[in-house]
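Read through the structure below, which is laid out as structure tokens, and then see the notes.
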Amino acid sequence: MGHFIDLNAVDGHVCPAYVAQPDGKPRGAVVVLQEIFGVNTHIRAVADGYAAQGYLAVAPATFSRIRNGVELGYSEADMGEGFGLKTAVEALPAPGVLQDIQAAVDYATSAGKVGIVGYCWGGLLVWRAAETVTGLSAAVAYYGGGMTGPAESARHPQVPVLAHFGDKDHWISLESVQAFRQAHPEVEVHVYEANHGFNCDHRAAYDAAAAKVALERSLAFFASHLG
């Protein structure tokens, strides 16, 4: 359904992005932010899913400032490699990868209002984008690693935010989620009986029931804010 294009960030960096077009006129656009495994089969399927719902979907390769063409699986070795790439991207001088996310949003505005959704590291980037990236109308973060910590929680989102977490997530404690919820009463927070990565059907942590409800809530949220 989709294909890759090149996005041009404001600093001149060329960022590949997977684009999935809906049938007919788009009802808006959704920027999809990857986990630490690249714009792999799963992330492309997520983008295709949003396109099937009528949105132009754009998934920028947020590792491209470090390495192009990253497409990992979910083994222990893949996780270690992905974590190393994420660490390298996070170490880039600010605003770093947020410039590529801005380029994706700028591209997506041709379809109307733009939302953003991200998973794991992508969820953290969604939270940062909600504060700093212009042109967004809504943001959805799935189990954003680090976003419930004090430093990230101090951010001030400029658009409506929906956040999904799992109560069995050993990376994100329920205590930190509760603190985040108290610090941000304006954010719609949902906690599921599920583990980190519950949305990904390529992972052992996949939870079909939680993923279904979370997607329904995300689609309703986008319909409300991008319509």
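Every chain in the structure tokens has a letter given in the order shown (A, B, ...), and although residue numbers restart at 1 in each chain, ligands are simply numbered from 1 in the order shown.
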
Note to self: Set the distance at 8 Å and use only C-alpha atoms: which residues neighbour region 150-153 of chain A once local chain neighbours fewer than 4 positions away are removed? I'd like the list as a list in words.
What the structure shows: Arg128, Gly146, Phe180 and Ala183 of chain A

Item checked: Those of region 1-222 of chain A in DSSP helix (DSSP H, G or I), formatted as a ChimeraX atom specification -> /A:41-52,76-90,98-111,121-132,150-153,174-183,208-222

Next item on the list: Can you pull out every residue within 12 Å of region 87-101 of chain A, counting only C-alpha atoms, but drop anything in the same chain fewer than 3 positions away, and send it as a PyMOL selection string?
Entry: chain A and resi 6-17+30-34+36+58-67+80-84+104-108+114-118+121-122+124-136

Next item on the list: Output as a PyMOL selection string all residues of region 33-212 of chain A that backbone DSSP marks as strand (DSSP E).
Entry: chain A and resi 33+56-60+114-119+136-142+161-166+188-192

Notebook entry, point to check: If you measure from CA of Ala194 (chain A) to CA of Asp207 (chain A), what distance in Å do you get, rounded to one decimal?
Noted result: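 Rounded to one decimal, the two atoms are 6.5 Å apart.
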
Notebook entry, point to check: Leaving out Arg181 (chain A) and any residue of its chain fewer than 4 positions from it, which residues lie within 10 Å of it when counting only C-alpha atoms, given as a list in words?
Noted result: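 Counting only the stated atoms, we get Thr148, Ser153, Ala163, Glu175, Ser176, Val177, Pro185, Glu186, Val187, Glu188, Val189 and His190 of chain A.
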
Notebook entry, point to check: So which one's closest to Gly73 (chain A), A:Phe37, A:Tyr50, A:Tyr55, A:Phe198? Using only C-alpha atoms, please.
Noted result: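 With only C-alpha atoms as the atom set, the closest residue is A:Phe37.
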
Notebook entry, point to check: Counting only C-alpha atoms, what is within 10 Å of Phe165 (chain A), bar same-chain residues fewer than 2 positions away, as a PyMOL selection string?
Noted result: chain A and resi 120+141-145+163+167-169+172-174+177+189-198+210+214

Notebook entry, point to check: At what distance in Å, to one decimal, does CA of Ala29 (chain A) lie from CA of Gly2 (chain A)?
Noted result: 14.1 Å
